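Next up, my_file30.pdb (PDB, C-alpha atoms):
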```pdb
ATOM      1  CA  MET A 153    -221.392 -52.945-141.207  1.00  0.00           C
ATOM      2  CA  LYS A 154    -220.409 -51.173-144.467  1.00  0.00           C
ATOM      3  CA  PHE A 155    -224.061 -50.991-145.485  1.00  0.00           C
ATOM      4  CA  THR A 156    -224.978 -49.291-142.209  1.00  0.00           C
ATOM      5  CA  LYS A 157    -222.211 -46.700-142.612  1.00  0.00           C
ATOM      6  CA  LYS A 158    -223.390 -45.911-146.131  1.00  0.00           C
ATOM      7  CA  ILE A 159    -226.955 -45.398-144.931  1.00  0.00           C
ATOM      8  CA  ALA A 160    -225.778 -43.160-142.098  1.00  0.00           C
ATOM      9  CA  PHE A 161    -223.606 -41.092-144.474  1.00  0.00           C
ATOM     10  CA  ALA A 162    -226.461 -40.744-146.983  1.00  0.00           C
ATOM     11  CA  SER A 163    -228.856 -39.657-144.216  1.00  0.00           C
ATOM     12  CA  ALA A 164    -226.414 -37.038-142.977  1.00  0.00           C
ATOM     13  CA  SER A 165    -225.912 -35.686-146.524  1.00  0.00           C
ATOM     14  CA  LEU A 166    -229.680 -35.498-147.076  1.00  0.00           C
ATOM     15  CA  ALA A 167    -230.175 -33.650-143.806  1.00  0.00           C
ATOM     16  CA  LEU A 168    -227.466 -31.147-144.762  1.00  0.00           C
ATOM     17  CA  THR A 169    -229.008 -30.651-148.227  1.00  0.00           C
ATOM     18  CA  MET A 170    -232.463 -30.032-146.725  1.00  0.00           C
ATOM     19  CA  ALA A 171    -231.131 -27.622-144.092  1.00  0.00           C
ATOM     20  CA  THR A 172    -229.245 -25.392-146.560  1.00  0.00           C
ATOM     21  CA  PRO A 173    -232.268 -23.782-148.350  1.00  0.00           C
ATOM     22  CA  ALA A 174    -233.836 -22.857-144.997  1.00  0.00           C
ATOM     23  CA  ALA A 175    -230.614 -21.203-143.894  1.00  0.00           C
ATOM     24  CA  LEU A 176    -230.382 -19.287-147.146  1.00  0.00           C
ATOM     25  CA  LEU A 177    -233.983 -18.128-146.857  1.00  0.00           C
ATOM     26  CA  THR A 178    -233.334 -16.876-143.349  1.00  0.00           C
ATOM     27  CA  GLN A 179    -230.233 -15.061-144.527  1.00  0.00           C
ATOM     28  CA  ASN A 180    -232.005 -13.470-147.501  1.00  0.00           C
ATOM     29  CA  ALA A 181    -234.919 -12.434-145.306  1.00  0.00           C
ATOM     30  CA  ALA A 182    -232.483 -10.610-143.052  1.00  0.00           C
ATOM     31  CA  PHE A 183    -230.959  -8.810-146.013  1.00  0.00           C
ATOM     32  CA  ALA A 184    -234.367  -7.810-147.379  1.00  0.00           C
ATOM     33  CA  LYS A 185    -235.620  -6.368-144.080  1.00  0.00           C
ATOM     34  CA  THR A 186    -237.387  -3.010-144.458  1.00  0.00           C
ATOM     35  CA  THR A 187    -237.468  -0.445-141.659  1.00  0.00           C
ATOM     36  CA  THR A 188    -239.606   2.649-141.213  1.00  0.00           C
ATOM     37  CA  VAL A 189    -238.160   5.834-139.729  1.00  0.00           C
ATOM     38  CA  LYS A 190    -239.390   9.368-139.143  1.00  0.00           C
ATOM     39  CA  GLN A 191    -237.528  12.345-140.571  1.00  0.00           C
ATOM     40  CA  ALA A 192    -237.871  15.945-139.411  1.00  0.00           C
ATOM     41  CA  THR A 193    -239.448  18.268-141.995  1.00  0.00           C
ATOM     42  CA  LYS A 194    -239.919  21.388-139.886  1.00  0.00           C
ATOM     43  CA  VAL A 195    -238.290  22.841-136.765  1.00  0.00           C
ATOM     44  CA  LYS A 196    -238.821  25.846-134.476  1.00  0.00           C
ATOM     45  CA  VAL A 197    -236.112  27.747-132.610  1.00  0.00           C
ATOM     46  CA  THR A 198    -236.436  27.319-128.819  1.00  0.00           C
ATOM     47  CA  LYS A 199    -233.679  29.680-127.651  1.00  0.00           C
ATOM     48  CA  LYS A 200    -233.684  33.484-127.699  1.00  0.00           C
ATOM     49  CA  THR A 201    -231.116  33.334-130.483  1.00  0.00           C
ATOM     50  CA  THR A 202    -229.209  30.441-132.021  1.00  0.00           C
ATOM     51  CA  PRO A 203    -226.318  30.556-134.521  1.00  0.00           C
ATOM     52  CA  PHE A 204    -226.492  29.598-138.157  1.00  0.00           C
ATOM     53  CA  TYR A 205    -223.795  27.015-138.904  1.00  0.00           C
ATOM     54  CA  HIS A 206    -221.810  26.025-141.980  1.00  0.00           C
ATOM     55  CA  LYS A 207    -221.522  22.375-143.039  1.00  0.00           C
ATOM     56  CA  ASP A 208    -218.139  22.139-141.281  1.00  0.00           C
ATOM     57  CA  GLY A 209    -219.686  23.179-137.949  1.00  0.00           C
ATOM     58  CA  SER A 210    -218.340  26.754-137.969  1.00  0.00           C
ATOM     59  CA  LYS A 211    -220.679  29.683-137.278  1.00  0.00           C
ATOM     60  CA  PHE A 212    -221.605  32.478-139.654  1.00  0.00           C
ATOM     61  CA  THR A 213    -219.843  35.736-138.741  1.00  0.00           C
ATOM     62  CA  LYS A 214    -220.658  39.457-138.938  1.00  0.00           C
ATOM     63  CA  LYS A 215    -218.166  39.822-141.782  1.00  0.00           C
ATOM     64  CA  LYS A 216    -219.728  36.874-143.594  1.00  0.00           C
ATOM     65  CA  PRO A 217    -223.311  36.545-142.264  1.00  0.00           C
ATOM     66  CA  TYR A 218    -226.051  34.242-143.438  1.00  0.00           C
ATOM     67  CA  VAL A 219    -227.754  35.989-146.357  1.00  0.00           C
ATOM     68  CA  TYR A 220    -231.217  35.275-147.656  1.00  0.00           C
ATOM     69  CA  GLY A 221    -232.504  37.724-150.229  1.00  0.00           C
ATOM     70  CA  SER A 222    -231.826  41.133-148.640  1.00  0.00           C
ATOM     71  CA  TRP A 223    -231.967  39.773-145.066  1.00  0.00           C
ATOM     72  CA  LYS A 224    -228.663  39.226-143.240  1.00  0.00           C
ATOM     73  CA  SER A 225    -227.981  37.727-139.826  1.00  0.00           C
ATOM     74  CA  THR A 226    -225.619  35.461-137.894  1.00  0.00           C
ATOM     75  CA  VAL A 227    -228.435  34.037-135.750  1.00  0.00           C
ATOM     76  CA  ALA A 228    -231.997  32.696-135.934  1.00  0.00           C
ATOM     77  CA  TYR A 229    -234.563  34.004-133.458  1.00  0.00           C
ATOM     78  CA  LYS A 230    -236.842  32.243-130.960  1.00  0.00           C
ATOM     79  CA  ASN A 231    -240.105  30.754-132.289  1.00  0.00           C
ATOM     80  CA  THR A 232    -239.014  31.160-135.918  1.00  0.00           C
ATOM     81  CA  SER A 233    -239.930  28.079-137.961  1.00  0.00           C
ATOM     82  CA  TYR A 234    -237.784  26.563-140.707  1.00  0.00           C
ATOM     83  CA  ASN A 235    -238.400  23.820-143.245  1.00  0.00           C
ATOM     84  CA  VAL A 236    -235.832  21.029-143.009  1.00  0.00           C
ATOM     85  CA  VAL A 237    -234.186  19.711-146.167  1.00  0.00           C
ATOM     86  CA  LYS A 238    -232.206  16.957-144.426  1.00  0.00           C
ATOM     87  CA  THR A 239    -230.744  15.865-141.100  1.00  0.00           C
ATOM     88  CA  VAL A 240    -226.964  15.488-140.831  1.00  0.00           C
ATOM     89  CA  THR A 241    -224.281  14.796-138.248  1.00  0.00           C
ATOM     90  CA  ILE A 242    -221.423  17.287-137.897  1.00  0.00           C
ATOM     91  CA  LYS A 243    -218.599  16.444-135.492  1.00  0.00           C
ATOM     92  CA  GLY A 244    -220.834  14.032-133.614  1.00  0.00           C
ATOM     93  CA  ALA A 245    -223.767  16.454-133.176  1.00  0.00           C
ATOM     94  CA  LYS A 246    -227.103  16.462-135.027  1.00  0.00           C
ATOM     95  CA  TYR A 247    -227.950  19.407-137.282  1.00  0.00           C
ATOM     96  CA  TYR A 248    -230.853  20.305-139.556  1.00  0.00           C
ATOM     97  CA  TYR A 249    -230.080  21.694-143.015  1.00  0.00           C
ATOM     98  CA  ILE A 250    -232.519  24.532-143.778  1.00  0.00           C
ATOM     99  CA  GLY A 251    -231.207  25.474-147.218  1.00  0.00           C
ATOM    100  CA  ASN A 252    -228.874  28.217-148.478  1.00  0.00           C
ATOM    101  CA  ASP A 253    -225.817  26.526-146.930  1.00  0.00           C
ATOM    102  CA  ALA A 254    -227.175  27.046-143.412  1.00  0.00           C
ATOM    103  CA  TYR A 255    -227.646  24.506-140.609  1.00  0.00           C
ATOM    104  CA  LEU A 256    -229.318  24.720-137.190  1.00  0.00           C
ATOM    105  CA  LYS A 257    -228.164  22.631-134.241  1.00  0.00           C
ATOM    106  CA  ALA A 258    -230.775  20.092-133.119  1.00  0.00           C
ATOM    107  CA  SER A 259    -230.277  21.041-129.448  1.00  0.00           C
ATOM    108  CA  ASP A 260    -231.365  24.639-130.234  1.00  0.00           C
ATOM    109  CA  VAL A 261    -234.663  23.743-131.889  1.00  0.00           C
ATOM    110  CA  LYS A 262    -237.661  21.464-131.551  1.00  0.00           C
ATOM    111  CA  VAL A 263    -239.153  19.335-134.303  1.00  0.00           C
ATOM    112  CA  THR A 264    -242.681  20.469-135.184  1.00  0.00           C
ATOM    113  CA  ALA A 265    -243.337  18.240-138.212  1.00  0.00           C
ATOM    114  CA  THR A 266    -242.058  14.905-139.514  1.00  0.00           C
ATOM    115  CA  LYS A 267    -242.567  12.472-142.383  1.00  0.00           C
ATOM    116  CA  THR A 268    -242.306   8.682-142.437  1.00  0.00           C
ATOM    117  CA  VAL A 269    -239.863   7.092-144.877  1.00  0.00           C
ATOM    118  CA  LYS A 270    -238.955   3.489-145.626  1.00  0.00           C
ATOM    119  CA  SER A 271    -235.416   2.186-145.645  1.00  0.00           C
ATOM    120  CA  SER A 272    -234.427  -1.295-146.859  1.00  0.00           C
ATOM    121  CA  SER A 273    -231.075  -3.065-147.027  1.00  0.00           C
ATOM    122  CA  THR A 274    -229.630  -4.758-150.144  1.00  0.00           C
ATOM    123  CA  SER A 275    -231.243  -8.177-150.601  1.00  0.00           C
ATOM    124  CA  SER A 276    -228.406  -9.977-152.389  1.00  0.00           C
ATOM    125  CA  ALA A 277    -224.833  -9.760-153.605  1.00  0.00           C
ATOM    126  CA  LYS A 278    -226.183  -9.617-157.147  1.00  0.00           C
ATOM    127  CA  LYS A 279    -228.220  -6.512-156.381  1.00  0.00           C
ATOM    128  CA  ALA A 280    -225.279  -4.967-154.597  1.00  0.00           C
ATOM    129  CA  SER A 281    -223.162  -5.557-157.678  1.00  0.00           C
ATOM    130  CA  THR A 282    -225.844  -4.059-159.910  1.00  0.00           C
ATOM    131  CA  SER A 283    -226.163  -1.066-157.609  1.00  0.00           C
ATOM    132  CA  SER A 284    -222.400  -0.638-157.659  1.00  0.00           C
ATOM    133  CA  SER A 285    -222.424  -0.690-161.457  1.00  0.00           C
ATOM    134  CA  LYS A 286    -225.179   1.928-161.561  1.00  0.00           C
ATOM    135  CA  THR A 287    -223.275   4.104-159.108  1.00  0.00           C
ATOM    136  CA  THR A 288    -220.159   3.866-161.237  1.00  0.00           C
ATOM    137  CA  SER A 289    -222.200   4.706-164.312  1.00  0.00           C
ATOM    138  CA  LYS A 290    -223.758   7.708-162.582  1.00  0.00           C
ATOM    139  CA  LYS A 291    -220.369   8.973-161.459  1.00  0.00           C
ATOM    140  CA  THR A 292    -219.058   8.701-164.984  1.00  0.00           C
ATOM    141  CA  SER A 293    -221.989  10.600-166.495  1.00  0.00           C
ATOM    142  CA  SER A 294    -222.661  12.962-163.579  1.00  0.00           C
ATOM    143  CA  LYS A 295    -223.638  16.564-164.277  1.00  0.00           C
ATOM    144  CA  LYS A 296    -222.872  19.655-162.226  1.00  0.00           C
ATOM    145  CA  THR A 297    -225.373  20.593-159.533  1.00  0.00           C
ATOM    146  CA  VAL A 298    -226.563  24.192-159.344  1.00  0.00           C
ATOM    147  CA  THR A 299    -225.806  25.786-155.950  1.00  0.00           C
ATOM    148  CA  GLN A 300    -226.491  29.503-156.467  1.00  0.00           C
ATOM    149  CA  ILE A 301    -228.601  31.640-158.795  1.00  0.00           C
ATOM    150  CA  GLN A 302    -229.260  35.324-159.459  1.00  0.00           C
ATOM    151  CA  VAL A 303    -232.528  36.931-160.577  1.00  0.00           C
ATOM    152  CA  THR A 304    -232.231  38.412-164.088  1.00  0.00           C
ATOM    153  CA  ARG A 305    -235.662  40.011-164.405  1.00  0.00           C
ATOM    154  CA  LYS A 306    -236.934  43.171-162.720  1.00  0.00           C
ATOM    155  CA  THR A 307    -239.189  40.958-160.621  1.00  0.00           C
ATOM    156  CA  THR A 308    -240.010  37.269-160.734  1.00  0.00           C
ATOM    157  CA  PRO A 309    -242.651  35.375-158.717  1.00  0.00           C
ATOM    158  CA  PHE A 310    -242.002  33.002-155.864  1.00  0.00           C
ATOM    159  CA  TYR A 311    -243.694  29.663-156.624  1.00  0.00           C
ATOM    160  CA  HIS A 312    -245.095  26.817-154.542  1.00  0.00           C
ATOM    161  CA  LYS A 313    -244.123  23.203-155.300  1.00  0.00           C
ATOM    162  CA  ASP A 314    -247.355  22.749-157.284  1.00  0.00           C
ATOM    163  CA  GLY A 315    -246.415  25.608-159.615  1.00  0.00           C
ATOM    164  CA  SER A 316    -248.823  28.175-158.159  1.00  0.00           C
ATOM    165  CA  LYS A 317    -247.576  31.656-157.251  1.00  0.00           C
ATOM    166  CA  PHE A 318    -247.476  33.202-153.791  1.00  0.00           C
ATOM    167  CA  THR A 319    -250.230  35.802-153.359  1.00  0.00           C
ATOM    168  CA  LYS A 320    -250.646  39.084-151.455  1.00  0.00           C
ATOM    169  CA  LYS A 321    -252.984  37.308-149.032  1.00  0.00           C
ATOM    170  CA  SER A 322    -250.476  34.499-148.535  1.00  0.00           C
ATOM    171  CA  PRO A 323    -247.064  35.957-149.473  1.00  0.00           C
ATOM    172  CA  TYR A 324    -243.661  34.366-149.155  1.00  0.00           C
ATOM    173  CA  VAL A 325    -242.430  35.128-145.626  1.00  0.00           C
ATOM    174  CA  TYR A 326    -238.858  34.949-144.402  1.00  0.00           C
ATOM    175  CA  GLN A 327    -237.831  36.349-141.010  1.00  0.00           C
ATOM    176  CA  GLY A 328    -240.473  39.083-141.083  1.00  0.00           C
ATOM    177  CA  TRP A 329    -239.808  39.970-144.737  1.00  0.00           C
ATOM    178  CA  LYS A 330    -242.856  39.453-146.954  1.00  0.00           C
ATOM    179  CA  SER A 331    -243.140  39.495-150.723  1.00  0.00           C
ATOM    180  CA  THR A 332    -244.726  37.729-153.682  1.00  0.00           C
ATOM    181  CA  VAL A 333    -241.696  38.354-155.912  1.00  0.00           C
ATOM    182  CA  ALA A 334    -237.897  38.262-155.955  1.00  0.00           C
ATOM    183  CA  TYR A 335    -235.997  41.274-157.307  1.00  0.00           C
ATOM    184  CA  LYS A 336    -233.388  41.635-160.053  1.00  0.00           C
ATOM    185  CA  GLY A 337    -229.810  41.081-158.943  1.00  0.00           C
ATOM    186  CA  THR A 338    -230.790  39.196-155.775  1.00  0.00           C
ATOM    187  CA  LYS A 339    -228.812  35.994-155.211  1.00  0.00           C
ATOM    188  CA  TYR A 340    -230.225  32.785-153.748  1.00  0.00           C
ATOM    189  CA  LYS A 341    -228.656  29.530-152.627  1.00  0.00           C
ATOM    190  CA  VAL A 342    -230.171  26.485-154.353  1.00  0.00           C
ATOM    191  CA  SER A 343    -231.056  23.336-152.404  1.00  0.00           C
ATOM    192  CA  LYS A 344    -232.244  21.296-155.394  1.00  0.00           C
ATOM    193  CA  THR A 345    -233.452  21.486-158.971  1.00  0.00           C
ATOM    194  CA  ILE A 346    -236.865  20.050-159.868  1.00  0.00           C
ATOM    195  CA  THR A 347    -239.351  19.965-162.736  1.00  0.00           C
ATOM    196  CA  ILE A 348    -242.871  21.313-162.201  1.00  0.00           C
ATOM    197  CA  LYS A 349    -245.379  20.863-165.017  1.00  0.00           C
ATOM    198  CA  GLY A 350    -242.578  20.474-167.538  1.00  0.00           C
ATOM    199  CA  SER A 351    -240.569  23.526-166.467  1.00  0.00           C
ATOM    200  CA  LYS A 352    -237.360  23.680-164.447  1.00  0.00           C
ATOM    201  CA  TYR A 353    -237.398  25.329-161.018  1.00  0.00           C
ATOM    202  CA  TYR A 354    -234.820  25.917-158.292  1.00  0.00           C
ATOM    203  CA  TYR A 355    -235.773  25.295-154.664  1.00  0.00           C
ATOM    204  CA  ILE A 356    -234.394  28.112-152.478  1.00  0.00           C
ATOM    205  CA  GLY A 357    -235.720  26.894-149.138  1.00  0.00           C
ATOM    206  CA  ASN A 358    -238.771  27.665-146.971  1.00  0.00           C
ATOM    207  CA  SER A 359    -241.204  26.162-149.490  1.00  0.00           C
ATOM    208  CA  ALA A 360    -240.261  28.647-152.231  1.00  0.00           C
ATOM    209  CA  TYR A 361    -239.148  27.987-155.814  1.00  0.00           C
ATOM    210  CA  LEU A 362    -237.851  30.252-158.590  1.00  0.00           C
ATOM    211  CA  LYS A 363    -238.344  29.508-162.279  1.00  0.00           C
ATOM    212  CA  ALA A 364    -235.107  28.705-164.106  1.00  0.00           C
ATOM    213  CA  SER A 365    -236.041  30.953-167.031  1.00  0.00           C
ATOM    214  CA  ALA A 366    -236.109  33.987-164.711  1.00  0.00           C
ATOM    215  CA  VAL A 367    -232.645  33.511-163.203  1.00  0.00           C
ATOM    216  CA  LYS A 368    -229.069  32.702-164.178  1.00  0.00           C
ATOM    217  CA  VAL A 369    -226.777  30.147-162.590  1.00  0.00           C
ATOM    218  CA  ILE A 370    -223.745  31.746-160.932  1.00  0.00           C
ATOM    219  CA  ALA A 371    -222.364  28.760-159.000  1.00  0.00           C
ATOM    220  CA  SER A 372    -222.407  24.975-159.299  1.00  0.00           C
ATOM    221  CA  LYS A 373    -220.537  21.946-158.019  1.00  0.00           C
TER
END
```
Could you express the structure from this file as structure tokens?
Amino acid sequence: MKFTKKIAFASASLALTMATPAALLTQNAAFAKTTTVKQATKVKVTKKTTPFYHKDGSKFTKKKPYVYGSWKSTVAYKNTSYNVVKTVTIKGAKYYYIGNDAYLKASDVKVTATKTVKSSSTSSAKKASTSSSKTTSKKTSSKKTVTQIQVTRKTTPFYHKDGSKFTKKSPYVYQGWKSTVAYKGTKYKVSKTITIKGSKYYYIGNSAYLKASAVKVIASK
């Protein structure tokens, strides 16, 4: 009788030991799952006019309109296309950030171009811990991000992301305004800072970049 109980107990322990790795594998597989999603990269206004919004959901006003170069307005016009930097949620509604501190409400536009991106969850507690350590390290050694610049030269070219300049045949276009250069004293909001062929550039939205050596930083966060 004692012998039988020992065998039964040993069998149960073996079964539990064999089942554990499978459970762990299933759990890890769930953590390591990768998903693919589409993100908007370009939108077009569908209404006659639609407001420009701040990141808190408030609209630009006549006293403080949306300014881009020398162009000022509180609204975007129908059929105008904008490049999307990112998609965000403000007070429960979806908005598209188009650069220069301006957002367009998703319900006022239609998406005309997208890109596919991959998103994966943390695969283990160890990785999560490592990621947390890196985040802490980054916070400790974080640098200020440039948010606004001003042109210091008489004129300076608008550049594409490959470092080539806009041309008279294919100039930089923004709300009907066309030019191959930006003018001295003009201020631009900066979406991000990048390096192109070893030189620093500031992305000002709508596929245009300005060379850091031709401007000065007047605001950062």
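Among the candidates A:Thr241, A:Lys270, A:Leu256, A:Val369, the residue lying nearest to Lys339 in chain A is A:Val369 (atoms considered: all atoms listed in the file).
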For the provided coordinates, the residues matched by the PyMOL selection byres ((chain A and resi 246) around 12) should be stated as a PyMOL selection string. chain A and resi 192+205+207+209+238-245+247-249+255-261
Would you mind listing what lies within 12 Å of Val333 in chain A as a ChimeraX atom specification, with only C-alpha atoms counted and same-chain residues fewer than 4 positions away left out? /A:221,303,305-311,317-320,323-325,329,338,360-363,366
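CA of Tyr354 in chain A sits 18.6 Å away from CA of Thr193 in chain A.
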For Ser365 in chain A, which residue among A:Lys336, A:Lys344, A:Lys330, A:Lys352 is the nearest when counting all atoms listed in the file?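 Under the stated criterion, the closest residue is A:Lys352.
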Pick from A:Asn252, A:Thr198, A:Thr299, A:Thr188, whichever lies nearest to Ala228 in chain A using only C-alpha atoms: A:Thr198
I need every residue sitting at most 12 Å from the point (-234.6, 29.9, -135.3) (coordinates as in the file, all atoms listed in the file considered), written as a ChimeraX atom specification. /A:194-205,225-236,248,250,254-263,326-327
Å distance separating CA of Ile370 in chain A from CA of Tyr220 in chain A, one decimal place: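 Between CA of Ile370 in chain A and CA of Tyr220 in chain A the gap is 15.6 Å.
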